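Report on the following structure.
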Amino acid sequence: MMRAVVYLLITVVVLALLRAVMGVLQKGVASLFQPDAGQRRTAPRSAGQLRRDPVCGAYVSEDLAVRKTAGHKTFYFCSPACRDKHHDA
Ligand SMILES: [Zn+2]
């Protein structure tokens, strides 16, 4: 009975190791066959325009910004803290 448990544990560990190795290999192969992947990482994301945080002046991507809509105007902030400060101003 103990043997079965040990074999099961070994099997689980080996499978986990295999999956980890396969993951690393897949990443390596993917970067080999997609040489432009590195360029895409540095380029700005598709429709994400840069917006200026009116509180601290930082430029933030529309996708990542914290938004606040006042009337028909939308403000973009780098963080909830800046959004709250804007509320006070
Ligand atoms: Zn800010």
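The way I read the labels, and the way they are meant: chains A, B, ... in the order of the structure tokens, residue 1 as the first residue of every chain, and ligand 1 as the first ligand shown, with later ones counted on from there.
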- prompt: If you count only C-alpha atoms and all ligand atoms, which residues end up within 12 Å of ligand 1, as a PyMOL selection string?
  reply: chain A and resi 51-61+65-67+75-86
Emit the selected residues as a JSON list (two decimals), in the first residue's frame, including C-alpha atoms.
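Saved result, out.json, follows:
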```
[["chain", "number", "residue", "atom", "x", "y", "z"],
["A", 51, "ARG", "CA", -3.34, 60.78, -21.16],
["A", 52, "ARG", "CA", -1.94, 63.36, -18.79],
["A", 53, "ASP", "CA", -2.70, 63.02, -15.14],
["A", 54, "PRO", "CA", -3.97, 66.55, -14.23],
["A", 55, "VAL", "CA", -2.81, 66.15, -10.62],
["A", 56, "CYS", "CA", 0.82, 64.99, -10.83],
["A", 57, "GLY", "CA", 1.43, 65.49, -14.54],
["A", 58, "ALA", "CA", 2.36, 61.88, -15.25],
["A", 59, "TYR", "CA", 1.41, 60.38, -18.59],
["A", 60, "VAL", "CA", -0.65, 57.23, -18.28],
["A", 61, "SER", "CA", -2.05, 54.83, -20.83],
["A", 65, "ALA", "CA", -5.39, 54.81, -16.06],
["A", 66, "VAL", "CA", -7.82, 55.37, -13.21],
["A", 67, "ARG", "CA", -10.73, 57.18, -14.79],
["A", 75, "PHE", "CA", -10.10, 62.52, -16.51],
["A", 76, "TYR", "CA", -7.31, 59.99, -16.41],
["A", 77, "PHE", "CA", -5.14, 59.50, -13.34],
["A", 78, "CYS", "CA", -2.08, 57.41, -12.59],
["A", 79, "SER", "CA", -3.52, 56.20, -9.29],
["A", 80, "PRO", "CA", -6.64, 56.37, -7.11],
["A", 81, "ALA", "CA", -4.70, 58.72, -4.83],
["A", 82, "CYS", "CA", -4.38, 61.28, -7.63],
["A", 83, "ARG", "CA", -8.05, 60.86, -8.51],
["A", 84, "ASP", "CA", -9.01, 61.62, -4.91],
["A", 85, "LYS", "CA", -6.74, 64.68, -4.83],
["A", 86, "HIS", "CA", -8.37, 65.97, -8.01]]
```
message: Let's see if you can do this: from backbone DSSP, list all strand (DSSP E or B) residues in chain A, as number ranges by chain.
response: A: 50-52, 59-61, 66-70, 73-77
message: According to DSSP computed on the backbone, where in chain A is there alpha helix (DSSP H)? Give the residues as a PyMOL selection string.
response: chain A and resi 2-33+37-42+80-88
